[in-house]
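Undergrad: As input, take work10.csv (CSV, C-alpha atoms and all ligand atoms):
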chain,number,residue,atom,x,y,z
A,1,MET,CA,8.6,-14.2,10.3
A,2,ARG,CA,9.3,-14.6,6.6
A,3,TYR,CA,8.5,-11.0,5.6
A,4,TYR,CA,8.8,-7.8,7.6
A,5,PRO,CA,5.8,-5.5,7.1
A,6,ILE,CA,6.4,-1.8,6.4
A,7,ASN,CA,4.4,1.1,4.9
A,8,ILE,CA,6.4,3.0,2.3
A,9,ASP,CA,5.8,6.6,1.4
A,10,LEU,CA,6.0,6.5,-2.4
A,11,HIS,CA,5.0,10.1,-3.1
A,12,ASP,CA,7.2,11.4,-5.9
A,13,GLN,CA,9.4,8.3,-5.8
A,14,SER,CA,10.4,6.6,-9.0
A,15,VAL,CA,9.0,3.1,-9.6
A,16,VAL,CA,9.5,1.0,-12.7
A,17,ILE,CA,7.3,-1.9,-13.8
A,18,VAL,CA,8.7,-4.1,-16.5
A,19,GLY,CA,5.8,-5.7,-18.3
A,20,GLY,CA,2.4,-4.2,-19.2
A,21,GLY,CA,-0.1,-7.0,-18.8
A,22,LYS,CA,-2.9,-7.8,-16.3
A,23,VAL,CA,-0.6,-8.2,-13.3
A,24,ALA,CA,1.3,-5.0,-14.1
A,25,ALA,CA,-2.0,-3.2,-14.3
A,26,ARG,CA,-3.1,-4.3,-10.9
A,27,LYS,CA,0.2,-3.2,-9.3
A,28,ALA,CA,0.1,0.1,-11.3
A,29,ASN,CA,-3.3,1.2,-10.0
A,30,ARG,CA,-2.1,1.0,-6.4
A,31,LEU,CA,1.3,2.6,-7.1
A,32,ILE,CA,-0.4,5.6,-8.9
A,33,ALA,CA,-2.9,5.9,-6.0
A,34,ALA,CA,0.1,6.1,-3.7
A,35,GLY,CA,1.6,9.0,-5.6
A,36,ALA,CA,4.5,7.1,-7.2
A,37,ARG,CA,6.2,8.4,-10.4
A,38,LEU,CA,5.6,5.3,-12.5
A,39,THR,CA,7.4,4.1,-15.6
A,40,VAL,CA,6.1,1.0,-17.4
A,41,VAL,CA,8.5,-0.7,-19.9
A,42,ALA,CA,6.6,-2.9,-22.3
A,43,PRO,CA,6.1,-3.3,-26.1
A,44,ILE,CA,2.3,-3.7,-25.5
A,45,LEU,CA,0.1,-2.3,-22.7
A,46,ALA,CA,-3.1,-3.8,-21.3
A,47,PRO,CA,-6.0,-1.5,-22.0
A,48,THR,CA,-6.2,-0.1,-18.5
A,49,LEU,CA,-2.5,0.8,-18.6
A,50,ALA,CA,-2.8,2.3,-22.0
A,51,GLU,CA,-5.6,4.5,-20.6
A,52,LEU,CA,-3.4,5.6,-17.7
A,53,ALA,CA,-0.5,6.4,-20.1
A,54,LYS,CA,-2.9,8.5,-22.2
A,55,LYS,CA,-3.9,10.5,-19.2
A,56,GLY,CA,-0.3,11.0,-18.2
A,57,ALA,CA,-0.6,9.0,-15.0
A,58,LEU,CA,2.4,6.9,-16.0
A,59,ARG,CA,5.3,7.1,-18.4
A,60,HIS,CA,5.3,4.4,-21.0
A,61,LEU,CA,8.5,3.1,-22.6
A,62,GLU,CA,7.0,1.3,-25.6
A,63,ARG,CA,9.7,-1.3,-26.2
A,64,ASP,CA,11.4,-4.4,-24.8
A,65,TYR,CA,13.2,-4.1,-21.5
A,66,ARG,CA,16.9,-3.0,-21.6
A,67,HIS,CA,19.5,-3.3,-18.9
A,68,GLY,CA,19.6,0.2,-17.4
A,69,ASP,CA,15.9,0.8,-17.3
A,70,LEU,CA,15.8,0.5,-13.5
A,71,ALA,CA,18.3,3.4,-13.0
A,72,GLY,CA,17.1,5.8,-10.3
A,73,ALA,CA,14.1,3.7,-9.1
A,74,LEU,CA,13.3,3.1,-5.5
A,75,LEU,CA,11.2,0.0,-6.3
A,76,ALA,CA,10.9,-2.3,-9.3
A,77,PHE,CA,8.5,-4.9,-10.5
A,78,ALA,CA,9.5,-7.7,-12.9
A,79,ALA,CA,6.0,-8.5,-14.3
A,80,THR,CA,6.5,-9.9,-17.8
A,81,ASP,CA,5.2,-13.3,-19.0
A,82,ASN,CA,8.8,-14.3,-19.6
A,83,PRO,CA,10.3,-15.9,-16.5
A,84,LEU,CA,13.9,-15.6,-17.7
A,85,LEU,CA,13.5,-12.0,-18.5
A,86,ASN,CA,12.0,-11.4,-15.1
A,87,ARG,CA,15.1,-12.9,-13.6
A,88,GLU,CA,17.3,-10.5,-15.6
A,89,VAL,CA,15.3,-7.6,-14.2
A,90,ALA,CA,15.7,-9.0,-10.7
A,91,ALA,CA,19.5,-9.2,-11.4
A,92,GLU,CA,19.7,-5.6,-12.4
A,93,ALA,CA,17.7,-4.5,-9.4
A,94,LYS,CA,20.1,-6.4,-7.1
A,95,GLU,CA,23.1,-4.8,-8.8
A,96,ARG,CA,21.7,-1.4,-8.2
A,97,GLY,CA,20.4,-2.1,-4.6
A,98,ILE,CA,16.8,-1.6,-5.8
A,99,LEU,CA,14.0,-3.6,-4.1
A,100,VAL,CA,12.3,-5.8,-6.6
A,101,ASP,CA,9.0,-7.9,-6.7
A,102,VAL,CA,9.4,-10.7,-9.2
A,103,VAL,CA,5.7,-11.5,-9.7
A,104,ASP,CA,6.2,-15.1,-10.8
A,105,ALA,CA,9.0,-15.9,-8.3
A,106,PRO,CA,8.4,-14.8,-4.7
A,107,ARG,CA,11.7,-16.5,-3.6
A,108,GLN,CA,13.6,-14.2,-5.9
A,109,SER,CA,11.8,-11.1,-4.7
A,110,ALA,CA,13.0,-8.6,-2.1
A,111,PHE,CA,9.3,-7.8,-1.3
A,112,THR,CA,5.8,-8.9,-2.3
A,113,THR,CA,2.6,-7.0,-2.4
A,114,PRO,CA,-0.3,-7.9,0.0
A,115,ALA,CA,-4.0,-7.8,-0.5
A,116,VAL,CA,-5.4,-4.5,0.7
A,117,LEU,CA,-8.4,-3.2,2.5
A,118,GLU,CA,-8.4,0.6,2.5
A,119,GLN,CA,-10.7,3.1,4.2
A,120,GLY,CA,-9.2,6.5,4.1
A,121,ASP,CA,-6.0,6.3,6.1
A,122,LEU,CA,-6.9,2.9,7.6
A,123,LEU,CA,-5.0,0.3,5.7
A,124,ILE,CA,-5.4,-3.4,6.5
A,125,THR,CA,-3.0,-5.7,4.5
A,126,VAL,CA,-3.0,-9.4,4.2
A,127,SER,CA,-0.1,-11.6,3.2
A,128,THR,CA,0.3,-15.4,3.1
A,129,GLY,CA,4.1,-15.3,2.6
A,130,GLY,CA,3.4,-16.1,-1.1
A,131,ALA,CA,1.6,-19.3,-0.2
A,132,SER,CA,-1.9,-18.4,-1.5
A,133,PRO,CA,-2.6,-14.9,-3.0
A,134,SER,CA,-6.2,-16.1,-3.5
A,135,LEU,CA,-6.6,-16.7,0.2
A,136,SER,CA,-5.2,-13.2,0.9
A,137,ARG,CA,-7.8,-11.8,-1.4
A,138,GLN,CA,-10.6,-13.9,0.2
A,139,ILE,CA,-9.6,-12.8,3.7
A,140,VAL,CA,-9.9,-9.1,2.6
A,141,ALA,CA,-13.4,-10.0,1.2
A,142,MET,CA,-14.3,-11.6,4.6
A,143,ILE,CA,-13.4,-8.6,6.7
A,144,GLU,CA,-14.5,-5.9,4.2
A,145,PRO,CA,-18.1,-5.7,5.7
A,146,LEU,CA,-16.7,-5.0,9.1
A,147,PHE,CA,-14.8,-1.9,8.0
A,148,GLY,CA,-17.1,0.5,6.2
A,149,PRO,CA,-16.5,4.2,5.4
A,150,GLU,CA,-17.2,5.1,9.0
A,151,TYR,CA,-13.7,3.9,9.8
A,152,ALA,CA,-12.2,6.4,7.3
A,153,GLU,CA,-14.0,9.2,9.2
A,154,ALA,CA,-13.1,7.9,12.6
A,155,VAL,CA,-9.4,7.6,11.7
A,156,SER,CA,-9.5,11.1,10.3
A,157,LEU,CA,-11.2,12.5,13.5
A,158,LEU,CA,-8.7,10.6,15.8
A,159,GLY,CA,-5.8,11.9,13.7
A,160,THR,CA,-7.0,15.5,13.9
A,161,ALA,CA,-7.5,15.2,17.7
A,162,ARG,CA,-4.1,13.7,18.2
A,163,GLU,CA,-2.4,16.2,16.0
A,164,LYS,CA,-4.1,19.0,18.0
A,165,LEU,CA,-2.9,17.6,21.3
A,166,LEU,CA,0.6,17.1,19.9
A,167,THR,CA,1.1,20.4,18.2
A,168,GLU,CA,-0.3,22.2,21.3
A,169,LYS,CA,2.6,20.6,23.1
A,170,VAL,CA,0.5,19.2,25.8
A,171,VAL,CA,2.0,15.8,25.3
A,172,ASN,CA,2.9,14.2,28.6
A,173,GLU,CA,2.2,11.0,30.5
A,174,TYR,CA,-1.3,12.3,31.0
A,175,ASN,CA,-2.1,12.1,27.3
A,176,ASP,CA,-1.4,8.4,26.9
A,177,PRO,CA,-4.7,7.4,28.6
A,178,VAL,CA,-6.5,10.2,26.6
A,179,PHE,CA,-5.4,8.7,23.3
A,180,ALA,CA,-6.2,5.2,24.5
A,181,GLU,CA,-9.6,6.3,25.8
A,182,LEU,CA,-10.4,8.0,22.5
A,183,ALA,CA,-9.5,5.0,20.4
A,184,ALA,CA,-11.6,2.7,22.7
A,185,LEU,CA,-14.7,4.9,22.3
A,186,ASP,CA,-15.8,3.0,19.2
A,187,LEU,CA,-16.1,6.2,17.2
A,188,PRO,CA,-16.9,4.2,14.0
A,189,ALA,CA,-20.0,2.9,15.6
A,190,LEU,CA,-21.1,6.3,16.8
A,191,ILE,CA,-20.5,7.7,13.2
A,192,LYS,CA,-22.4,4.7,11.7
A,193,ASN,CA,-25.3,5.3,14.0
A,194,GLY,CA,-25.3,9.0,13.3
A,195,GLN,CA,-24.6,10.0,17.0
A,196,ARG,CA,-23.0,13.2,16.0
A,197,ASP,CA,-24.0,14.9,19.3
A,198,VAL,CA,-22.1,12.4,21.3
A,199,ILE,CA,-19.0,12.8,19.1
A,200,ASP,CA,-19.3,16.6,19.4
A,201,GLN,CA,-19.4,16.2,23.2
A,202,ILE,CA,-16.3,14.0,23.2
A,203,LEU,CA,-14.4,16.4,21.0
A,204,LEU,CA,-15.4,19.3,23.2
A,205,LYS,CA,-14.2,17.5,26.3
A,206,LEU,CA,-11.0,16.6,24.5
A,207,SER,CA,-10.3,20.2,23.6
A,208,ALA,CA,-10.8,21.1,27.2
A,209,THR,CA,-8.4,18.3,28.2
A,210,GLY,CA,-6.0,19.5,25.5
A,211,ALA,CA,-6.0,23.0,26.9
A,212,ARG,CA,-4.8,21.7,30.2
A,213,PRO,CA,-1.0,21.8,30.5
A,214,GLY,CA,1.0,19.0,32.1
A,215,PRO,CA,1.6,18.8,35.9
A,216,ASP,CA,4.3,21.5,36.0
A,217,GLY,CA,4.2,22.4,32.3
A,218,ALA,CA,8.0,21.6,32.0
A,219,ASP,CA,8.3,17.9,31.2
A,220,LYS,CA,6.7,17.9,27.8
A,221,LYS,CA,7.7,15.0,25.6
A,222,GLU,CA,8.2,15.2,21.8
A,223,PRO,CA,5.6,13.3,19.8
A,224,SER,CA,6.6,9.7,19.1
A,301,LIG,C1,-2.7,-10.3,-3.0
A,301,LIG,C2,-2.4,-9.9,-4.4
A,301,LIG,C3,-2.0,-8.5,-4.4
A,301,LIG,C4,-1.5,-7.8,-5.7
A,301,LIG,O1,-1.4,-8.5,-6.7
A,301,LIG,O2,-1.3,-6.6,-5.6
A,301,LIG,C5,-1.3,-10.8,-5.0
A,301,LIG,N1,-1.7,-11.7,-5.9
A,301,LIG,C6,-3.1,-11.4,-6.1
A,301,LIG,C7,-3.9,-12.2,-6.9
A,301,LIG,C8,-3.6,-13.4,-7.6
A,301,LIG,N2,-2.3,-13.8,-7.9
A,301,LIG,C9,-2.4,-15.0,-8.6
A,301,LIG,C10,-3.8,-15.4,-8.8
A,301,LIG,C11,-4.3,-16.6,-9.5
A,301,LIG,C12,-4.7,-17.7,-8.5
A,301,LIG,C13,-3.5,-18.3,-7.8
A,301,LIG,O3,-2.6,-18.7,-8.4
A,301,LIG,O4,-3.6,-18.3,-6.5
A,301,LIG,C14,-4.5,-14.4,-8.1
A,301,LIG,C15,-6.0,-14.3,-7.9
A,301,LIG,C16,-6.7,-13.3,-8.7
A,301,LIG,O5,-6.1,-12.8,-9.7
A,301,LIG,O6,-7.8,-13.2,-8.4
A,301,LIG,C17,-1.3,-15.9,-9.1
A,301,LIG,C18,0.0,-15.7,-8.6
A,301,LIG,N3,0.5,-14.8,-7.7
A,301,LIG,C19,1.8,-15.0,-7.5
A,301,LIG,C20,2.2,-16.1,-8.3
A,301,LIG,C21,3.7,-16.6,-8.4
A,301,LIG,C22,4.0,-17.6,-7.4
A,301,LIG,O7,3.3,-17.9,-6.4
A,301,LIG,O8,5.0,-18.3,-7.6
A,301,LIG,C23,1.1,-16.6,-9.0
A,301,LIG,C24,1.0,-17.7,-9.9
A,301,LIG,C25,1.2,-17.3,-11.3
A,301,LIG,C26,1.2,-18.4,-12.3
A,301,LIG,O9,1.6,-19.5,-11.9
A,301,LIG,O10,0.8,-18.2,-13.5
A,301,LIG,C27,2.7,-14.3,-6.6
A,301,LIG,C28,2.3,-13.2,-5.7
A,301,LIG,N4,1.0,-12.7,-5.6
A,301,LIG,C29,1.0,-11.8,-4.6
A,301,LIG,C30,0.0,-10.9,-4.4
A,301,LIG,C31,2.2,-11.9,-3.8
A,301,LIG,C32,1.9,-12.9,-2.5
A,301,LIG,C33,0.8,-12.4,-1.7
A,301,LIG,C34,0.5,-13.3,-0.5
A,301,LIG,O11,1.5,-13.6,0.2
A,301,LIG,O12,-0.6,-13.7,-0.2
A,301,LIG,C35,3.2,-12.6,-4.7
A,301,LIG,C36,4.2,-13.6,-4.1
A,301,LIG,C37,4.1,-11.6,-5.4
A,301,LIG,C38,3.4,-10.3,-5.8
A,301,LIG,O13,2.6,-10.3,-6.8
A,301,LIG,O14,3.6,-9.3,-5.1
A,301,LIG,C39,-3.5,-10.2,-5.5
A,301,LIG,C40,-4.9,-10.3,-4.9
A,301,LIG,C41,-5.5,-9.0,-4.4
A,301,LIG,C42,-6.7,-8.5,-5.0
A,301,LIG,O15,-6.9,-8.6,-6.2
A,301,LIG,O16,-7.4,-7.8,-4.3
A,302,LIG,N1,2.0,-12.0,-8.8
A,302,LIG,C1,0.7,-12.1,-9.2
A,302,LIG,O1,-0.2,-11.6,-8.6
A,302,LIG,C2,0.5,-12.9,-10.5
A,302,LIG,C3,-0.8,-13.2,-10.9
A,302,LIG,C4,-1.0,-13.9,-12.0
A,302,LIG,C5,0.1,-14.3,-12.8
A,302,LIG,N2,1.3,-13.9,-12.4
A,302,LIG,C6,2.5,-14.2,-13.2
A,302,LIG,O2,2.8,-12.9,-13.8
A,302,LIG,C7,3.2,-13.1,-15.2
A,302,LIG,C8,2.5,-11.9,-16.0
A,302,LIG,O3,1.1,-12.1,-16.0
A,302,LIG,P1,0.2,-11.2,-16.8
A,302,LIG,O4,-1.2,-11.8,-16.7
A,302,LIG,O5,0.4,-9.8,-16.5
A,302,LIG,O6,0.7,-11.4,-18.3
A,302,LIG,P2,0.3,-10.7,-19.7
A,302,LIG,O7,0.6,-11.7,-20.8
A,302,LIG,O8,-1.0,-10.1,-19.5
A,302,LIG,O9,1.4,-9.6,-19.8
A,302,LIG,C9,2.7,-9.8,-20.2
A,302,LIG,C10,3.4,-8.4,-20.4
A,302,LIG,O10,4.8,-8.5,-20.5
A,302,LIG,C11,5.2,-7.7,-21.6
A,302,LIG,N3,6.5,-8.2,-22.1
A,302,LIG,C12,6.8,-9.3,-22.8
A,302,LIG,N4,8.1,-9.3,-23.2
A,302,LIG,C13,8.6,-8.1,-22.7
A,302,LIG,C14,9.9,-7.5,-22.8
A,302,LIG,N5,11.0,-8.1,-23.4
A,302,LIG,N6,10.1,-6.3,-22.2
A,302,LIG,C15,9.1,-5.7,-21.5
A,302,LIG,N7,7.9,-6.2,-21.5
A,302,LIG,C16,7.6,-7.4,-22.0
A,302,LIG,C17,4.1,-7.8,-22.6
A,302,LIG,O11,4.2,-6.8,-23.6
A,302,LIG,C18,2.9,-7.8,-21.7
A,302,LIG,O12,2.6,-6.4,-21.5
A,302,LIG,C19,2.6,-14.4,-15.6
A,302,LIG,O13,3.5,-15.1,-16.4
A,302,LIG,C20,2.4,-15.2,-14.3
A,302,LIG,O14,3.5,-16.1,-14.1
A,302,LIG,C21,1.5,-13.3,-11.3
Go ahead and express the file in the form of structure tokens.
Ligand SMILES: C[C@@]1(CC(=O)O)C2=NC(=C\c3[nH]c(c(CCC(=O)O)c3CC(=O)O)Cc3[nH]c(c(CC(=O)O)c3CCC(=O)O)/C=C3\N/C(=C\2)[C@@H](CCC(=O)O)[C@]3(C)CC(=O)O)/[C@H]1CCC(=O)O
Ligand SMILES: NC(=O)c1ccc[n+]([C@@H]2O[C@H](COP(=O)([O-])OP(=O)(O)OC[C@H]3O[C@@H](n4cnc5c(N)ncnc54)[C@H](O)[C@@H]3O)[C@@H](O)[C@H]2O)c1

TA:
Amino acid sequence: MRYYPINIDLHDQSVVIVGGGKVAARKANRLIAAGARLTVVAPILAPTLAELAKKGALRHLERDYRHGDLAGALLAFAATDNPLLNREVAAEAKERGILVDVVDAPRQSAFTTPAVLEQGDLLITVSTGGASPSLSRQIVAMIEPLFGPEYAEAVSLLGTAREKLLTEKVVNEYNDPVFAELAALDLPALIKNGQRDVIDQILLKLSATGARPGPDGADKKEPS
């Protein structure tokens, strides 16, 4: 496996993009949606970025990049149209132990960004190991019709049900099949078809199940 996939919680984390063009704008939108504290270093910003700066959604350092601009960042993006400068940014990131995406040089990057399909908390990401970003994008377009907004609602329902079972500390071997059974019910299809009554019955049955303690009530596992 060339890349190891993870999901990073960027809420309130500092991220720096060097460069303010079209590519920077694409990365910035998702970073802001993920709650990052974003700084963009660039003498000139693309219109969408300028708009975000005006709204206070990002901090704009309106000048050329200087060594030191990455201080305190968790992640960095080298996204200028100058390959040599992008490598300088990558070098500073390495010095500081900051993970960097060099947008014109995947081999010099510590990470790359995938194409994304998002429905609420459902996140499907596609990577080609840098081989073909266009194919990643096309694959998302291919599967998009299969995962409509009903998936956002289903994931939210499943999450609430699971949290309820876990916080009520009724987690034991018995709940594993309950979670598996719930996930297998095809809630998205029920939601899409408007079968609310069936969903209500399932949830009712679930809360009855949830109220039932484990075999002796003693061997309760912590959530995993
Ligand atoms: C998926 C997506 C996510 C995103 O950007 O967030 C993404 N690129 C997207 C679009 C796109 N990128 C490019 C084109 C023009 C057509 C073409 O060249 O194919 C288009 C198409 C378009 O714009 O429609 C050109 C390009 N991209 C890279 C290079 C440098 C190189 O390969 O050396 C060059 C050549 C630059 C040049 O030569 O000028 C590099 C990377 N692009 C990646 C991700 C990472 C690998 C992802 C993977 O493994 O699949 C990686 C390695 C680094 C990174 O960017 O993280 C996003 C689509 C999502 C969306 O829009 O929904
Ligand atoms: N990874 C990807 O998805 C992808 C896609 C297309 C292109 N690219 C590559 O990314 C590069 C950037 O593409 P773009 O379309 O965003 O370019 P662009 O021309 O729209 O933007 C370049 C930005 O870099 C800034 N910049 C230039 N010198 C700077 C400096 N010294 N300090 C700080 N900022 C500086 C400019 O002000 C501008 O905001 C391209 O050269 C291309 O190789 C990557």

Undergrad: Quick one: contact table of chain A to ligand LIG 301 (chain A), 10 Å max, nearest atom pair and distance in Å to one decimal per residue, counting all atoms listed in the file, chain and number order, as a tab-separated table?

TA:
residue	atom	partner	partner_atom	distance
A:Tyr3	CA	A:LIG301	O11	9.2
A:Lys22	CA	A:LIG301	O5	8.9
A:Val23	CA	A:LIG301	O1	6.7
A:Ala24	CA	A:LIG301	O1	8.6
A:Ala25	CA	A:LIG301	O1	9.3
A:Arg26	CA	A:LIG301	O2	6.1
A:Lys27	CA	A:LIG301	O2	5.2
A:Ala28	CA	A:LIG301	O2	8.9
A:Asn29	CA	A:LIG301	O2	9.2
A:Arg30	CA	A:LIG301	O2	7.7
A:Leu31	CA	A:LIG301	O2	9.7
A:Phe77	CA	A:LIG301	O14	8.5
A:Ala78	CA	A:LIG301	O13	9.6
A:Ala79	CA	A:LIG301	O13	8.4
A:Asp81	CA	A:LIG301	O10	8.6
A:Val100	CA	A:LIG301	O14	9.5
A:Asp101	CA	A:LIG301	O14	5.8
A:Val102	CA	A:LIG301	C37	6.6
A:Val103	CA	A:LIG301	O13	4.4
A:Asp104	CA	A:LIG301	C21	3.8
A:Ala105	CA	A:LIG301	O8	4.7
A:Pro106	CA	A:LIG301	C36	4.4
A:Arg107	CA	A:LIG301	O8	8.0
A:Gln108	CA	A:LIG301	C36	9.6
A:Ser109	CA	A:LIG301	C37	7.7
A:Ala110	CA	A:LIG301	O14	9.9
A:Phe111	CA	A:LIG301	O14	7.0
A:Thr112	CA	A:LIG301	O14	3.6
A:Thr113	CA	A:LIG301	O14	3.7
A:Pro114	CA	A:LIG301	C1	4.5
A:Ala115	CA	A:LIG301	C1	3.8
A:Val116	CA	A:LIG301	O16	6.3
A:Leu117	CA	A:LIG301	O16	8.3
A:Thr125	CA	A:LIG301	C1	8.8
A:Val126	CA	A:LIG301	O12	6.6
A:Ser127	CA	A:LIG301	O11	3.9
A:Thr128	CA	A:LIG301	O11	3.6
A:Gly129	CA	A:LIG301	O11	3.9
A:Gly130	CA	A:LIG301	O11	3.4
A:Ala131	CA	A:LIG301	O11	5.7
A:Ser132	CA	A:LIG301	O12	5.0
A:Pro133	CA	A:LIG301	O12	3.6
A:Ser134	CA	A:LIG301	O4	4.5
A:Leu135	CA	A:LIG301	O12	6.7
A:Ser136	CA	A:LIG301	O12	4.8
A:Arg137	CA	A:LIG301	C41	4.7
A:Gln138	CA	A:LIG301	O16	8.2
A:Ile139	CA	A:LIG301	O16	9.7
A:Val140	CA	A:LIG301	O16	7.5
A:Ala141	CA	A:LIG301	O16	8.4

Undergrad: Could you please determine the separation between atom CA of Ile199 of chain A and atom CA of Tyr151 of chain A in Å, to one decimal place?

TA: 13.9 Å

Undergrad: So the first atom is atom CA of Leu146 of chain A and the second is atom CA of Asp197 of chain A; what is the distance between them in Å, to one decimal place?

TA: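 That distance, rounded to one decimal, is 23.5 Å.
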
Undergrad: Could you name the residues that touch Ala36 of chain A at 6 Å or less, counting only C-alpha atoms, but leaving out those on the same chain fewer than 5 positions away, as a list in words?

TA: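 These residues fall inside the cut-off: Leu10, His11, Asp12, Gln13 and Leu31 of chain A.
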
Undergrad: In Å, how far is it from atom CA of Lys164 of chain A to atom CA of Leu187 of chain A?

TA: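 Straight-line distance from atom CA of Lys164 of chain A to atom CA of Leu187 of chain A works out to 17.6 Å.
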
Undergrad: Identify, on the basis of only C-alpha atoms, every residue whose closest approach to Val40 of chain A does not exceed 9 Å; exclude the query and any residue fewer than 2 positions from it along the same chain; express the result as a VMD selection string.

TA: chain A and resid 15 to 20 24 28 38 42 45 49 53 58 to 62

Undergrad: Residues as selected, C-alpha atoms, written as a short mmCIF file (atom, residue, chain, number, x, y, z; two decimals), in the frame of the given file, can you do that?

TA:
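Output saved as part-v8.cif:
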data_model
loop_
_atom_site.label_atom_id
_atom_site.label_comp_id
_atom_site.auth_asym_id
_atom_site.auth_seq_id
_atom_site.Cartn_x
_atom_site.Cartn_y
_atom_site.Cartn_z
CA VAL A 15 9.00 3.10 -9.60
CA VAL A 16 9.50 1.00 -12.70
CA ILE A 17 7.30 -1.90 -13.80
CA VAL A 18 8.70 -4.10 -16.50
CA GLY A 19 5.80 -5.70 -18.30
CA GLY A 20 2.40 -4.20 -19.20
CA ALA A 24 1.30 -5.00 -14.10
CA ALA A 28 0.10 0.10 -11.30
CA LEU A 38 5.60 5.30 -12.50
CA ALA A 42 6.60 -2.90 -22.30
CA LEU A 45 0.10 -2.30 -22.70
CA LEU A 49 -2.50 0.80 -18.60
CA ALA A 53 -0.50 6.40 -20.10
CA LEU A 58 2.40 6.90 -16.00
CA ARG A 59 5.30 7.10 -18.40
CA HIS A 60 5.30 4.40 -21.00
CA LEU A 61 8.50 3.10 -22.60
CA GLU A 62 7.00 1.30 -25.60
#

Undergrad: I need the residue nearest ligand LIG 302 (chain A) from this list: A:Ile8, A:Val178, A:Leu52, A:Leu84. Use only C-alpha atoms and all ligand atoms for the distance.

TA: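 Closest residue, counting only C-alpha atoms and all ligand atoms: A:Leu84.
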
Undergrad: For Leu123 of chain A, which residue among A:Leu190, A:Leu85, A:Ile6, A:Leu203 is the nearest when counting all atoms listed in the file?

TA: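 Among the listed residues, the smallest separation from Leu123 of chain A belongs to A:Ile6.
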
Undergrad: Take every atom of ligand LIG 302 (chain A) listed in the file, pad by 4 Å on each side, and give me the axis-aligned box centre and edge lengths in Å, one decimal, as JSON.

TA:
{"center_x": 4.9, "center_y": -10.9, "center_z": -16.1, "size_x": 20.2, "size_y": 18.4, "size_z": 23.0}

Undergrad: Could you name the residues that touch Arg162 of chain A at 8 Å or less, counting all atoms listed in the file, but leaving out those on the same chain fewer than 4 positions away, as a list in words?

TA: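 With the cut-off at 8 Å, the set is Leu158, Leu166 and Phe179 of chain A.
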
Undergrad: Nearest to ligand LIG 302 (chain A): which of A:Ile191, A:Ala34, A:Ala50, A:Leu74 is it, counting all atoms listed in the file?

TA: A:Ala50

Undergrad: Could you please fill out segment 127-140 of chain A with N, CA and C atoms and send it back as a tab-separated table (two decimals), in the frame of the given file?

TA:
chain	number	residue	atom	x	y	z
A	127	SER	N	-1.09	-10.89	3.94
A	127	SER	CA	-0.10	-11.60	3.20
A	127	SER	C	-0.13	-13.10	3.66
A	128	THR	N	0.16	-14.01	2.74
A	128	THR	CA	0.30	-15.40	3.10
A	128	THR	C	1.72	-15.89	2.88
A	129	GLY	N	2.66	-14.94	2.85
A	129	GLY	CA	4.10	-15.30	2.60
A	129	GLY	C	4.24	-15.91	1.22
A	130	GLY	N	3.34	-15.56	0.31
A	130	GLY	CA	3.40	-16.10	-1.10
A	130	GLY	C	2.70	-17.41	-1.23
A	131	ALA	N	2.19	-17.98	-0.15
A	131	ALA	CA	1.60	-19.30	-0.20
A	131	ALA	C	0.28	-19.35	-1.01
A	132	SER	N	-0.57	-18.35	-0.79
A	132	SER	CA	-1.90	-18.40	-1.50
A	132	SER	C	-2.43	-16.94	-1.62
A	133	PRO	N	-2.07	-16.26	-2.74
A	133	PRO	CA	-2.60	-14.90	-3.00
A	133	PRO	C	-4.14	-14.92	-3.00
A	134	SER	N	-4.73	-16.02	-3.47
A	134	SER	CA	-6.20	-16.10	-3.50
A	134	SER	C	-6.78	-16.05	-2.10
A	135	LEU	N	-6.11	-16.72	-1.16
A	135	LEU	CA	-6.60	-16.70	0.20
A	135	LEU	C	-6.48	-15.27	0.80
A	136	SER	N	-5.38	-14.58	0.47
A	136	SER	CA	-5.20	-13.20	0.90
A	136	SER	C	-6.41	-12.37	0.47
A	137	ARG	N	-6.74	-12.53	-0.80
A	137	ARG	CA	-7.80	-11.80	-1.40
A	137	ARG	C	-9.16	-12.15	-0.68
A	138	GLN	N	-9.37	-13.45	-0.42
A	138	GLN	CA	-10.60	-13.90	0.20
A	138	GLN	C	-10.71	-13.34	1.67
A	139	ILE	N	-9.58	-13.28	2.37
A	139	ILE	CA	-9.60	-12.80	3.70
A	139	ILE	C	-10.03	-11.30	3.74
A	140	VAL	N	-9.51	-10.54	2.77
A	140	VAL	CA	-9.90	-9.10	2.60
A	140	VAL	C	-11.45	-9.08	2.41
